[in-house]
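The structure appears below as structure tokens.
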Amino acid sequence: MNVFERVFTTLGHKEPDRVPFFLLLSLHGAKELGLSIRDYFSNPDNVVEGQLRLRRKYRHDCYNGFWYAPLEVEAFGGEVIFVEDGPPNSGNPPIRDFAAIDLLRPPVIADHIKLQDVLQSISRLKEASGNDAPIIGVVMSPFSLPVMQLGFERYLDLMFDHPALFEKLIAVNQEFCINWANAQLAAGATAICYFDPVSSPTIIPKKRFLETGFRIARQTLAQFKGAAAIHLASGKTLAIIDEIVQSGAKVVGVSCKEDLGSLKRACAGRITILGNLNGIEMARWSAKEAETKVRDAIFTAAPGGGFILADNHGEIPWQVPDEVLLAISEAVHRFGTYPITR
């Protein structure tokens with residue numbers, strides 16, 4: 001099978017030739033090119049070359065179109081802070097008071113250099129790779145983006161105490177999210193990962209999720225012109241898995257904080273699991289520990305298809321060494337061939 005056949009067979013809840021695995025590496029491309037993280041993200045050609053080198057090196061089954069989380073809030077006027085050994089972070093929130101929400105408009109994608117740089121990297125990556133593997137585009141959900149737009153505490157105040165302004169902000173974010181997802185698909189992304197950590201029962205009660213994040217996800221994903229995955233970025237999923245299935249997503253990113261066997265039973269035949277290696281602990285693993293973690297995950301969740309091995313957060317930390325990533329790859333190729341046998 002080629003990579004696309006492997007992935008799509010898995011999405012169809014059938015067994016391909018081998019368990020697909022996605023190493024969702026965004027920062028490691030800078031290491032491969034010997035660049036600082038800031039310099040790496042200064043030019044889309046760097047990202048293209050980084051992704052090509054990473055897939056050749058680790059033999060995984062996708063390219064990652066993701067740059068960094070605050071890129072979207074940057075388009076709304078937010079600040080991005082670069083560090084030497086980790087992902088760029090959000091600085092001061094761009095929405096300083098709730099009254100500004102009434103005047104807020106969705107950013108025009110064509111007017112923002114960094115958004116255009118991401119689209120160029122996706123387009124050039126598809127051309128340079130010969131379309132040999134899926135390219136994963138990424139959006140922040142309209143429901144989770146306000147954490148960076150307002151700050152977490154003020155966003156909770158908005159959500160609970162100012163419902164009209166909450167809905168206004170969500171409407172602006174939703175329009176941008178749909179446009180941004182479809183722009184990435186048009187540029188060559190195969191599918192979109194919809195990051196929505198605030199929807200996790202780790203953060204908000206299920207009742208509130210049903211009233212907000214669930215409703216917003218269903219409305220938003222329905223307007224994507226391609227397939228989508230929902231990722232709660234390490235947040236727990238099991239208590240809301242039925243709703244995630246109903247959202248229209250084809251894949252769910254699952255947490256290492258939950259039992260993988262229970263998740264597999266809840267998802268089998270309904271939605272494909274993406275996960276659930278602990279990216280934080282991964283930085284301290286030996287090669288042998290990496291092999292054991294991969295083998296255990298495959299034996300638990302791979303039989304019957306519907307499982308893509310990946311980290312549990314959606315971004316592998318800068319501190320994870322090559323030795324561990326190579327051990328993960330070797331373990332998938334060793335233990336992940338179907339039929340799965342212990």
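In the structure tokens, chains take the letters A, B, ... in the order shown, each chain's residues start at 1, and ligands count up from 1 in the order shown.
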Write out as a list in words each polymer residue whose atoms come within 8 Å of Gln51 in chain A, counting only C-alpha atoms; drop sequence neighbours fewer than 6 positions from it.
->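 Here the qualifying residues turn out to be Gly29, Tyr63, Asn64 and Leu125 of chain A.
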Once you have the residues from the selection above, write them out as a PDB file, in the first residue's frame, restricted to N, CA and C atoms.
ATOM      1  N   GLY A  29      11.905  20.784  12.437  1.00  0.00           N
ATOM      2  CA  GLY A  29      12.448  21.189  11.146  1.00  0.00           C
ATOM      3  C   GLY A  29      13.547  22.227  11.291  1.00  0.00           C
ATOM      4  N   TYR A  63       2.749  14.912   6.399  1.00  0.00           N
ATOM      5  CA  TYR A  63       3.447  16.183   6.543  1.00  0.00           C
ATOM      6  C   TYR A  63       2.581  17.080   7.417  1.00  0.00           C
ATOM      7  N   ASN A  64       3.228  17.898   8.228  1.00  0.00           N
ATOM      8  CA  ASN A  64       2.513  18.760   9.158  1.00  0.00           C
ATOM      9  C   ASN A  64       2.508  20.189   8.644  1.00  0.00           C
ATOM     10  N   LEU A 125       4.929  22.466  -0.476  1.00  0.00           N
ATOM     11  CA  LEU A 125       5.184  21.134   0.068  1.00  0.00           C
ATOM     12  C   LEU A 125       4.490  20.067  -0.762  1.00  0.00           C
TER      13      LEU A 125
END
Considering only C-alpha atoms, return as JSON, numbers by chain whatever protein or nucleic-acid residues lie within 12 Å of Ile136 in chain A, sequence-local ones (same chain, fewer than 4 positions apart) excluded.
-> {"A": [22, 23, 24, 25, 26, 51, 61, 62, 63, 64, 65, 66, 67, 118, 119, 121, 122, 123, 125, 126, 181, 184, 185, 187, 188, 189, 190, 191, 192, 193, 194, 226, 227, 228, 229, 314]}
I need the residues from that last selection saved to file as a tab-separated table (two decimals), in the first residue's frame (with N, CA and C atoms), if you can.
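Final output, selection-v8.tsv:
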chain	number	residue	atom	x	y	z
A	22	PHE	N	1.72	9.31	12.71
A	22	PHE	CA	1.93	10.72	12.41
A	22	PHE	C	2.87	11.28	13.47
A	23	LEU	N	4.06	11.66	13.09
A	23	LEU	CA	4.92	12.43	13.97
A	23	LEU	C	4.64	13.91	13.69
A	24	LEU	N	3.88	14.51	14.58
A	24	LEU	CA	3.43	15.89	14.36
A	24	LEU	C	4.53	16.84	14.83
A	25	LEU	N	5.51	16.97	13.97
A	25	LEU	CA	6.72	17.75	14.24
A	25	LEU	C	6.60	19.10	13.55
A	26	SER	N	6.63	20.16	14.33
A	26	SER	CA	6.65	21.50	13.74
A	26	SER	C	7.99	22.17	13.99
A	51	GLN	N	10.01	19.88	6.61
A	51	GLN	CA	9.05	18.78	6.58
A	51	GLN	C	9.51	17.64	5.67
A	61	ASP	N	3.91	9.04	8.29
A	61	ASP	CA	2.89	8.98	7.23
A	61	ASP	C	2.16	10.28	6.97
A	62	CYS	N	2.77	11.42	7.32
A	62	CYS	CA	2.12	12.69	6.98
A	62	CYS	C	3.15	13.80	6.96
A	63	TYR	N	2.75	14.91	6.40
A	63	TYR	CA	3.45	16.18	6.54
A	63	TYR	C	2.58	17.08	7.42
A	64	ASN	N	3.23	17.90	8.23
A	64	ASN	CA	2.51	18.76	9.16
A	64	ASN	C	2.51	20.19	8.64
A	65	GLY	N	1.33	20.70	8.30
A	65	GLY	CA	1.22	22.06	7.81
A	65	GLY	C	1.16	23.11	8.89
A	66	PHE	N	1.18	22.68	10.15
A	66	PHE	CA	1.07	23.59	11.29
A	66	PHE	C	2.37	24.36	11.52
A	67	TRP	N	2.26	25.67	11.80
A	67	TRP	CA	3.42	26.48	12.15
A	67	TRP	C	3.47	26.67	13.67
A	118	VAL	N	1.99	30.51	5.37
A	118	VAL	CA	1.55	29.14	5.65
A	118	VAL	C	0.94	28.51	4.40
A	119	LEU	N	0.11	29.25	3.71
A	119	LEU	CA	-0.50	28.72	2.49
A	119	LEU	C	0.56	28.40	1.44
A	121	SER	N	3.63	27.53	2.07
A	121	SER	CA	4.36	26.34	2.50
A	121	SER	C	3.57	25.07	2.19
A	122	ILE	N	2.27	25.11	2.36
A	122	ILE	CA	1.44	23.94	2.04
A	122	ILE	C	1.47	23.66	0.54
A	123	SER	N	1.30	24.70	-0.25
A	123	SER	CA	1.29	24.53	-1.71
A	123	SER	C	2.63	24.01	-2.22
A	125	LEU	N	4.93	22.47	-0.48
A	125	LEU	CA	5.18	21.13	0.07
A	125	LEU	C	4.49	20.07	-0.76
A	126	LYS	N	3.27	20.34	-1.17
A	126	LYS	CA	2.56	19.36	-2.00
A	126	LYS	C	3.30	19.15	-3.31
A	181	ALA	N	-9.59	27.39	7.20
A	181	ALA	CA	-9.54	25.96	6.89
A	181	ALA	C	-9.66	25.73	5.39
A	184	GLN	N	-6.53	26.61	3.41
A	184	GLN	CA	-5.49	25.58	3.50
A	184	GLN	C	-5.82	24.37	2.62
A	185	LEU	N	-7.09	23.98	2.61
A	185	LEU	CA	-7.49	22.88	1.73
A	185	LEU	C	-7.27	23.24	0.26
A	187	ALA	N	-5.08	25.23	-0.86
A	187	ALA	CA	-3.64	25.30	-1.12
A	187	ALA	C	-3.01	23.92	-1.27
A	188	GLY	N	-3.71	22.88	-0.80
A	188	GLY	CA	-3.17	21.53	-0.95
A	188	GLY	C	-3.23	20.66	0.28
A	189	ALA	N	-3.75	21.18	1.40
A	189	ALA	CA	-3.89	20.34	2.59
A	189	ALA	C	-4.89	19.22	2.31
A	190	THR	N	-4.60	18.05	2.84
A	190	THR	CA	-5.47	16.89	2.63
A	190	THR	C	-6.65	16.90	3.58
A	191	ALA	N	-6.42	17.37	4.80
A	191	ALA	CA	-7.46	17.41	5.84
A	191	ALA	C	-7.07	18.49	6.83
A	192	ILE	N	-8.03	18.82	7.70
A	192	ILE	CA	-7.83	19.87	8.68
A	192	ILE	C	-7.94	19.30	10.09
A	193	CYS	N	-6.97	19.65	10.93
A	193	CYS	CA	-7.06	19.34	12.35
A	193	CYS	C	-7.63	20.56	13.07
A	194	TYR	N	-8.75	20.34	13.74
A	194	TYR	CA	-9.50	21.39	14.44
A	194	TYR	C	-9.14	21.30	15.92
A	226	GLY	N	-13.54	19.72	3.19
A	226	GLY	CA	-12.67	18.57	3.31
A	226	GLY	C	-12.85	17.93	4.66
A	227	ALA	N	-12.15	16.82	4.86
A	227	ALA	CA	-12.29	16.06	6.11
A	227	ALA	C	-11.60	16.78	7.26
A	228	ALA	N	-12.09	16.50	8.48
A	228	ALA	CA	-11.54	17.15	9.66
A	228	ALA	C	-11.32	16.15	10.78
A	229	ALA	N	-10.33	16.45	11.59
A	229	ALA	CA	-10.10	15.77	12.86
A	229	ALA	C	-10.33	16.77	13.98
A	314	GLY	N	-0.58	16.78	19.85
A	314	GLY	CA	-0.66	17.35	18.52
A	314	GLY	C	0.57	18.14	18.12
Quick one: DSSP strand (DSSP E) residues in range 97-336 of chain A, as a PDB file with C-alpha atoms, in the first residue's frame?
ATOM      1  CA  ILE A 135      -0.604  17.176   4.432  1.00  0.00           C
ATOM      2  CA  ILE A 136      -2.374  18.123   7.653  1.00  0.00           C
ATOM      3  CA  GLY A 137      -3.652  21.686   7.911  1.00  0.00           C
ATOM      4  CA  VAL A 138      -4.547  23.157  11.286  1.00  0.00           C
ATOM      5  CA  VAL A 139      -7.048  25.657  12.652  1.00  0.00           C
ATOM      6  CA  MET A 140      -7.892  26.788  16.155  1.00  0.00           C
ATOM      7  CA  ALA A 191      -7.456  17.410   5.838  1.00  0.00           C
ATOM      8  CA  ILE A 192      -7.832  19.874   8.684  1.00  0.00           C
ATOM      9  CA  CYS A 193      -7.060  19.340  12.352  1.00  0.00           C
ATOM     10  CA  TYR A 194      -9.501  21.390  14.438  1.00  0.00           C
ATOM     11  CA  PHE A 195      -7.802  22.137  17.757  1.00  0.00           C
ATOM     12  CA  ALA A 227     -12.285  16.061   6.109  1.00  0.00           C
ATOM     13  CA  ALA A 228     -11.539  17.153   9.660  1.00  0.00           C
ATOM     14  CA  ALA A 229     -10.098  15.766  12.858  1.00  0.00           C
ATOM     15  CA  ILE A 230     -10.936  17.126  16.299  1.00  0.00           C
ATOM     16  CA  HIS A 231      -8.026  17.392  18.700  1.00  0.00           C
ATOM     17  CA  VAL A 251     -10.556  11.436  13.624  1.00  0.00           C
ATOM     18  CA  VAL A 252     -10.210  12.306  17.308  1.00  0.00           C
ATOM     19  CA  GLY A 253      -6.947  13.111  19.076  1.00  0.00           C
ATOM     20  CA  THR A 272     -10.505   6.872  14.128  1.00  0.00           C
ATOM     21  CA  ILE A 273      -8.238   7.379  17.136  1.00  0.00           C
ATOM     22  CA  LEU A 274      -5.117   9.543  16.861  1.00  0.00           C
ATOM     23  CA  GLY A 275      -2.718   9.172  19.770  1.00  0.00           C
ATOM     24  CA  ASN A 276      -1.824   8.699  22.531  1.00  0.00           C
ATOM     25  CA  LEU A 277       1.908   8.806  23.325  1.00  0.00           C
ATOM     26  CA  PHE A 307      -5.956   3.764  14.876  1.00  0.00           C
ATOM     27  CA  ILE A 308      -3.191   6.199  13.937  1.00  0.00           C
ATOM     28  CA  LEU A 309      -0.248   6.315  16.320  1.00  0.00           C
ATOM     29  CA  ALA A 310       0.792   9.832  17.315  1.00  0.00           C
ATOM     30  CA  ASP A 311       1.586  11.928  20.353  1.00  0.00           C
TER      31      ASP A 311
END
Computed gap from CA of Val320 in chain A to CA of Glu281 in chain A is 8.9 Å
Can you list, as a PyMOL selection string, every protein, DNA or RNA residue that comes within 10 Å of Val19 in chain A when you count only C-alpha atoms, leaving out same-chain residues fewer than 5 positions away?
-> chain A and resi 6-7+10+61+298+301-303+305-309+332-333+335-340
Please dump the current selection as a short mmCIF file (atom, residue, chain, number, x, y, z; two decimals), in the first residue's frame; keep C-alpha atoms.
data_model
loop_
_atom_site.label_atom_id
_atom_site.label_comp_id
_atom_site.auth_asym_id
_atom_site.auth_seq_id
_atom_site.Cartn_x
_atom_site.Cartn_y
_atom_site.Cartn_z
CA ARG A 6 -2.79 3.02 4.34
CA VAL A 7 -4.36 6.06 5.95
CA THR A 10 -7.50 2.95 8.54
CA ASP A 61 2.89 8.98 7.23
CA ILE A 298 -0.40 -0.82 18.92
CA ALA A 301 -5.73 0.00 19.76
CA ALA A 302 -4.58 -1.14 16.31
CA PRO A 303 -6.51 -4.43 15.79
CA GLY A 305 -8.01 -0.59 12.08
CA GLY A 306 -9.20 2.83 13.11
CA PHE A 307 -5.96 3.76 14.88
CA ILE A 308 -3.19 6.20 13.94
CA LEU A 309 -0.25 6.31 16.32
CA VAL A 332 5.95 0.99 14.41
CA HIS A 333 7.64 -0.72 11.49
CA PHE A 335 5.23 -4.21 15.62
CA GLY A 336 2.67 -2.40 13.47
CA THR A 337 2.41 -4.76 10.50
CA TYR A 338 -1.05 -6.30 10.13
CA PRO A 339 -2.28 -8.70 11.31
CA ILE A 340 -1.21 -7.48 14.73
#
Would you return as a CSV table (one decimal) with N, CA and C atoms, in the first residue's frame the members of range 136-317 of chain A that DSSP assigns to alpha helix (DSSP H) on this structure's backbone?
chain,number,residue,atom,x,y,z
A,146,PRO,N,-10.5,32.3,21.7
A,146,PRO,CA,-10.5,33.4,22.6
A,146,PRO,C,-9.6,33.3,23.8
A,147,VAL,N,-9.1,32.1,24.1
A,147,VAL,CA,-8.1,32.1,25.2
A,147,VAL,C,-6.9,33.0,24.9
A,148,MET,N,-6.5,33.0,23.6
A,148,MET,CA,-5.4,33.8,23.2
A,148,MET,C,-5.9,35.3,22.9
A,149,GLN,N,-7.1,35.4,22.5
A,149,GLN,CA,-7.6,36.7,22.1
A,149,GLN,C,-7.8,37.6,23.3
A,150,LEU,N,-8.2,37.0,24.5
A,150,LEU,CA,-8.7,37.7,25.7
A,150,LEU,C,-7.8,37.3,26.9
A,152,PHE,N,-7.3,33.7,29.4
A,152,PHE,CA,-8.2,32.6,29.9
A,152,PHE,C,-9.3,33.1,30.9
A,153,GLU,N,-8.8,33.8,31.9
A,153,GLU,CA,-9.8,34.3,32.9
A,153,GLU,C,-10.8,35.2,32.3
A,154,ARG,N,-10.4,36.1,31.5
A,154,ARG,CA,-11.4,37.1,30.9
A,154,ARG,C,-12.3,36.4,30.0
A,155,TYR,N,-11.8,35.3,29.3
A,155,TYR,CA,-12.7,34.6,28.4
A,155,TYR,C,-13.7,33.8,29.2
A,156,LEU,N,-13.4,33.3,30.3
A,156,LEU,CA,-14.4,32.6,31.1
A,156,LEU,C,-15.5,33.6,31.6
A,157,ASP,N,-15.0,34.8,32.0
A,157,ASP,CA,-16.0,35.8,32.4
A,157,ASP,C,-16.9,36.2,31.2
A,158,LEU,N,-16.4,36.3,30.0
A,158,LEU,CA,-17.2,36.5,28.8
A,158,LEU,C,-18.2,35.4,28.6
A,159,MET,N,-17.7,34.2,28.7
A,159,MET,CA,-18.6,33.1,28.4
A,159,MET,C,-19.8,33.0,29.3
A,160,PHE,N,-19.5,33.2,30.6
A,160,PHE,CA,-20.5,33.0,31.6
A,160,PHE,C,-21.4,34.2,31.9
A,161,ASP,N,-20.8,35.4,31.7
A,161,ASP,CA,-21.5,36.6,32.2
A,161,ASP,C,-21.9,37.5,31.1
A,163,PRO,N,-23.3,36.7,27.6
A,163,PRO,CA,-23.6,35.8,26.5
A,163,PRO,C,-23.8,36.4,25.1
A,164,ALA,N,-24.3,37.6,25.0
A,164,ALA,CA,-24.4,38.3,23.7
A,164,ALA,C,-23.1,38.6,23.1
A,165,LEU,N,-22.2,39.1,23.9
A,165,LEU,CA,-20.8,39.4,23.3
A,165,LEU,C,-20.1,38.1,23.1
A,166,PHE,N,-20.3,37.1,23.9
A,166,PHE,CA,-19.7,35.8,23.6
A,166,PHE,C,-20.1,35.3,22.2
A,167,GLU,N,-21.4,35.3,21.9
A,167,GLU,CA,-21.9,34.9,20.6
A,167,GLU,C,-21.3,35.7,19.5
A,168,LYS,N,-21.2,37.0,19.7
A,168,LYS,CA,-20.6,37.9,18.7
A,168,LYS,C,-19.2,37.5,18.4
A,169,LEU,N,-18.4,37.2,19.4
A,169,LEU,CA,-17.0,36.8,19.2
A,169,LEU,C,-16.9,35.5,18.5
A,170,ILE,N,-17.8,34.6,18.9
A,170,ILE,CA,-17.8,33.2,18.3
A,170,ILE,C,-18.1,33.4,16.8
A,171,ALA,N,-19.1,34.2,16.5
A,171,ALA,CA,-19.4,34.4,15.0
A,171,ALA,C,-18.3,34.9,14.2
A,172,VAL,N,-17.5,35.9,14.7
A,172,VAL,CA,-16.4,36.4,14.0
A,172,VAL,C,-15.3,35.3,13.9
A,173,ASN,N,-15.0,34.6,15.0
A,173,ASN,CA,-14.0,33.6,14.9
A,173,ASN,C,-14.5,32.4,14.0
A,174,GLN,N,-15.7,32.1,14.0
A,174,GLN,CA,-16.2,31.0,13.1
A,174,GLN,C,-16.0,31.4,11.7
A,175,GLU,N,-16.4,32.6,11.3
A,175,GLU,CA,-16.2,33.0,9.9
A,175,GLU,C,-14.7,32.9,9.5
A,176,PHE,N,-13.8,33.4,10.4
A,176,PHE,CA,-12.4,33.3,10.1
A,176,PHE,C,-11.9,31.8,10.0
A,177,CYS,N,-12.4,31.0,11.0
A,177,CYS,CA,-12.0,29.6,11.0
A,177,CYS,C,-12.3,28.9,9.7
A,178,ILE,N,-13.5,29.0,9.3
A,178,ILE,CA,-14.0,28.4,8.0
A,178,ILE,C,-13.2,28.8,6.8
A,179,ASN,N,-13.0,30.2,6.8
A,179,ASN,CA,-12.2,30.7,5.6
A,179,ASN,C,-10.8,30.2,5.7
A,180,TRP,N,-10.2,30.1,6.9
A,180,TRP,CA,-8.8,29.7,7.0
A,180,TRP,C,-8.6,28.2,6.7
A,181,ALA,N,-9.6,27.4,7.2
A,181,ALA,CA,-9.5,26.0,6.9
A,181,ALA,C,-9.7,25.7,5.4
A,182,ASN,N,-10.6,26.4,4.8
A,182,ASN,CA,-10.8,26.2,3.3
A,182,ASN,C,-9.7,26.7,2.5
A,183,ALA,N,-9.0,27.8,3.0
A,183,ALA,CA,-7.9,28.3,2.2
A,183,ALA,C,-6.7,27.3,2.3
A,184,GLN,N,-6.5,26.6,3.4
A,184,GLN,CA,-5.5,25.6,3.5
A,184,GLN,C,-5.8,24.4,2.6
A,185,LEU,N,-7.1,24.0,2.6
A,185,LEU,CA,-7.5,22.9,1.7
A,185,LEU,C,-7.3,23.2,0.3
A,186,ALA,N,-7.6,24.5,-0.1
A,186,ALA,CA,-7.4,24.9,-1.5
A,186,ALA,C,-5.9,25.0,-1.8
A,187,ALA,N,-5.1,25.2,-0.9
A,187,ALA,CA,-3.6,25.3,-1.1
A,187,ALA,C,-3.0,23.9,-1.3
A,206,LYS,N,-19.5,19.1,30.9
A,206,LYS,CA,-20.1,18.6,29.7
A,206,LYS,C,-21.3,19.4,29.3
A,207,LYS,N,-22.1,19.8,30.3
A,207,LYS,CA,-23.3,20.6,30.0
A,207,LYS,C,-23.0,21.9,29.3
A,208,ARG,N,-21.9,22.6,29.7
A,208,ARG,CA,-21.5,23.8,29.1
A,208,ARG,C,-21.0,23.5,27.7
A,209,PHE,N,-20.2,22.4,27.5
A,209,PHE,CA,-19.8,22.0,26.2
A,209,PHE,C,-20.9,21.7,25.2
A,210,LEU,N,-22.0,21.1,25.7
A,210,LEU,CA,-23.1,20.8,24.8
A,210,LEU,C,-23.7,22.1,24.3
A,211,GLU,N,-23.7,23.1,25.2
A,211,GLU,CA,-24.3,24.4,24.8
A,211,GLU,C,-23.4,25.3,24.0
A,213,GLY,N,-19.2,24.5,22.8
A,213,GLY,CA,-18.2,23.9,21.9
A,213,GLY,C,-18.8,22.9,21.0
A,214,PHE,N,-19.7,22.1,21.4
A,214,PHE,CA,-20.3,21.0,20.5
A,214,PHE,C,-21.1,21.7,19.4
A,215,ARG,N,-22.0,22.6,19.8
A,215,ARG,CA,-22.8,23.3,18.8
A,215,ARG,C,-21.9,24.0,17.8
A,216,ILE,N,-20.9,24.7,18.3
A,216,ILE,CA,-20.0,25.5,17.4
A,216,ILE,C,-19.2,24.5,16.5
A,217,ALA,N,-18.7,23.4,17.0
A,217,ALA,CA,-18.0,22.5,16.2
A,217,ALA,C,-18.8,21.9,15.0
A,218,ARG,N,-20.0,21.5,15.3
A,218,ARG,CA,-20.9,20.9,14.3
A,218,ARG,C,-21.2,22.0,13.2
A,219,GLN,N,-21.4,23.2,13.6
A,219,GLN,CA,-21.7,24.2,12.6
A,219,GLN,C,-20.5,24.5,11.7
A,220,THR,N,-19.3,24.5,12.4
A,220,THR,CA,-18.1,24.9,11.7
A,220,THR,C,-17.6,23.8,10.8
A,221,LEU,N,-17.5,22.6,11.3
A,221,LEU,CA,-17.0,21.5,10.5
A,221,LEU,C,-17.8,21.2,9.3
A,241,ILE,N,-17.2,11.5,23.8
A,241,ILE,CA,-16.9,10.9,22.5
A,241,ILE,C,-18.1,10.8,21.6
A,242,ASP,N,-19.3,10.6,22.1
A,242,ASP,CA,-20.5,10.5,21.3
A,242,ASP,C,-20.7,11.8,20.5
A,243,GLU,N,-20.5,12.9,21.2
A,243,GLU,CA,-20.7,14.2,20.6
A,243,GLU,C,-19.6,14.5,19.6
A,244,ILE,N,-18.4,14.1,19.8
A,244,ILE,CA,-17.3,14.3,18.9
A,244,ILE,C,-17.7,13.5,17.6
A,245,VAL,N,-18.2,12.3,17.7
A,245,VAL,CA,-18.6,11.5,16.5
A,245,VAL,C,-19.7,12.3,15.8
A,246,GLN,N,-20.7,12.8,16.5
A,246,GLN,CA,-21.8,13.6,15.9
A,246,GLN,C,-21.3,14.9,15.3
A,260,LEU,N,-6.4,3.7,26.9
A,260,LEU,CA,-6.5,3.6,25.5
A,260,LEU,C,-7.5,2.5,25.1
A,261,GLY,N,-7.5,1.4,25.8
A,261,GLY,CA,-8.5,0.3,25.5
A,261,GLY,C,-9.9,0.8,25.6
A,262,SER,N,-10.2,1.6,26.6
A,262,SER,CA,-11.6,2.1,26.8
A,262,SER,C,-11.9,3.0,25.6
A,263,LEU,N,-11.0,3.8,25.2
A,263,LEU,CA,-11.2,4.7,24.1
A,263,LEU,C,-11.4,3.9,22.8
A,264,LYS,N,-10.6,2.9,22.6
A,264,LYS,CA,-10.8,2.1,21.4
A,264,LYS,C,-12.2,1.4,21.4
A,265,ARG,N,-12.7,0.9,22.5
A,265,ARG,CA,-14.0,0.3,22.5
A,265,ARG,C,-15.1,1.4,22.2
A,266,ALA,N,-14.9,2.6,22.7
A,266,ALA,CA,-15.9,3.6,22.5
A,266,ALA,C,-15.9,4.1,21.1
A,267,CYS,N,-14.7,4.1,20.4
A,267,CYS,CA,-14.6,4.6,19.1
A,267,CYS,C,-14.7,3.6,17.9
A,279,GLY,N,3.7,13.2,25.0
A,279,GLY,CA,4.8,14.0,24.4
A,279,GLY,C,5.7,14.6,25.5
A,280,ILE,N,5.2,14.9,26.7
A,280,ILE,CA,6.1,15.4,27.7
A,280,ILE,C,7.1,14.4,28.2
A,281,GLU,N,6.5,13.2,28.6
A,281,GLU,CA,7.4,12.1,29.0
A,281,GLU,C,8.3,11.6,27.9
A,282,MET,N,7.9,11.8,26.7
A,282,MET,CA,8.7,11.3,25.6
A,282,MET,C,10.1,11.9,25.6
A,287,ALA,N,15.4,4.8,24.3
A,287,ALA,CA,14.9,4.1,23.0
A,287,ALA,C,14.1,2.9,23.4
A,288,LYS,N,14.5,2.2,24.4
A,288,LYS,CA,13.8,1.0,24.8
A,288,LYS,C,12.4,1.3,25.4
A,289,GLU,N,12.3,2.4,26.2
A,289,GLU,CA,11.0,2.8,26.7
A,289,GLU,C,10.1,3.2,25.5
A,290,ALA,N,10.6,3.9,24.5
A,290,ALA,CA,9.8,4.3,23.4
A,290,ALA,C,9.3,3.1,22.7
A,291,GLU,N,10.1,2.1,22.5
A,291,GLU,CA,9.7,0.9,21.8
A,291,GLU,C,8.5,0.2,22.6
A,292,THR,N,8.7,0.2,23.9
A,292,THR,CA,7.6,-0.4,24.8
A,292,THR,C,6.3,0.3,24.7
A,293,LYS,N,6.4,1.6,24.7
A,293,LYS,CA,5.2,2.5,24.7
A,293,LYS,C,4.4,2.3,23.3
A,294,VAL,N,5.2,2.3,22.3
A,294,VAL,CA,4.6,2.1,20.9
A,294,VAL,C,4.0,0.7,20.8
A,295,ARG,N,4.7,-0.3,21.2
A,295,ARG,CA,4.2,-1.7,21.1
A,295,ARG,C,2.9,-1.8,21.9
A,296,ASP,N,2.9,-1.3,23.1
A,296,ASP,CA,1.7,-1.4,24.0
A,296,ASP,C,0.5,-0.7,23.3
A,297,ALA,N,0.7,0.5,22.8
A,297,ALA,CA,-0.4,1.2,22.1
A,297,ALA,C,-0.9,0.5,20.9
A,298,ILE,N,0.0,-0.1,20.1
A,298,ILE,CA,-0.4,-0.8,18.9
A,298,ILE,C,-1.2,-2.1,19.3
A,299,PHE,N,-0.7,-2.8,20.3
A,299,PHE,CA,-1.4,-4.0,20.7
A,299,PHE,C,-2.8,-3.7,21.2
A,300,THR,N,-2.9,-2.5,21.9
A,300,THR,CA,-4.2,-2.2,22.5
A,300,THR,C,-5.2,-1.6,21.5
A,301,ALA,N,-4.8,-0.8,20.6
A,301,ALA,CA,-5.7,0.0,19.8
A,301,ALA,C,-5.7,-0.3,18.3
Of the candidates A:Phe4, A:Ser90, A:Glu15, A:His28, which shows the shortest atom-to-atom distance to Tyr58 in chain A, using only C-alpha atoms?
->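 Selected residue with least distance to Tyr58 in chain A: A:His28.
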Between CA of Ser255 in chain A and CA of Lys236 in chain A, distance in Å (one decimal) |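 That distance, rounded to one decimal, is 5.4 Å.
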Need to verify the contact set: Pro321 in chain A, 9 Å, only C-alpha atoms, exclusion of same-chain residues closer than 2 positions in sequence. Can you return it as a compact mmCIF listing (two decimals) with C-alpha atoms, in the first residue's frame?
# COMPACT_ATOMS: atom_id res chain seq x y z
CA MET A 282 8.71 11.33 25.57
CA ALA A 283 11.54 13.82 26.13
CA ARG A 284 12.84 11.58 28.95
CA TRP A 318 11.49 20.49 20.90
CA GLN A 319 13.21 18.56 23.72
CA GLU A 323 17.02 8.85 19.27
CA VAL A 324 13.50 8.59 20.67
CA LEU A 325 11.79 9.60 17.43
CA LEU A 326 13.83 7.04 15.51
From the set A:Val80, A:Ala331, A:Pro201, A:His13, which residue has the shortest atom-to-atom contact distance to Ala239 in chain A, counting only C-alpha atoms?
->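 Of A:Val80, A:Ala331, A:Pro201, A:His13, the one nearest Ala239 in chain A is A:Pro201, counting only C-alpha atoms.
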Choose the residue, out of A:Gln116, A:Ser141, A:Asn89, A:Ser199, that has the smallest atom-to-atom separation from Ile240 in chain A; count only C-alpha atoms.
->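 The closest residue to Ile240 in chain A is A:Ser199.
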Go through A:Arg270, A:Arg38, A:Arg334, A:His313 and flag the residue nearest Ile81 in chain A, using only C-alpha atoms for the distances.
->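 Nearest to Ile81 in chain A: A:Arg38.
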Considering only C-alpha atoms, state which residue in the set A:Pro87, A:Arg59, A:Ser42, A:Lys250 is at the smallest distance from Ile328 in chain A.
->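 With only C-alpha atoms as the atom set, the closest residue is A:Arg59.
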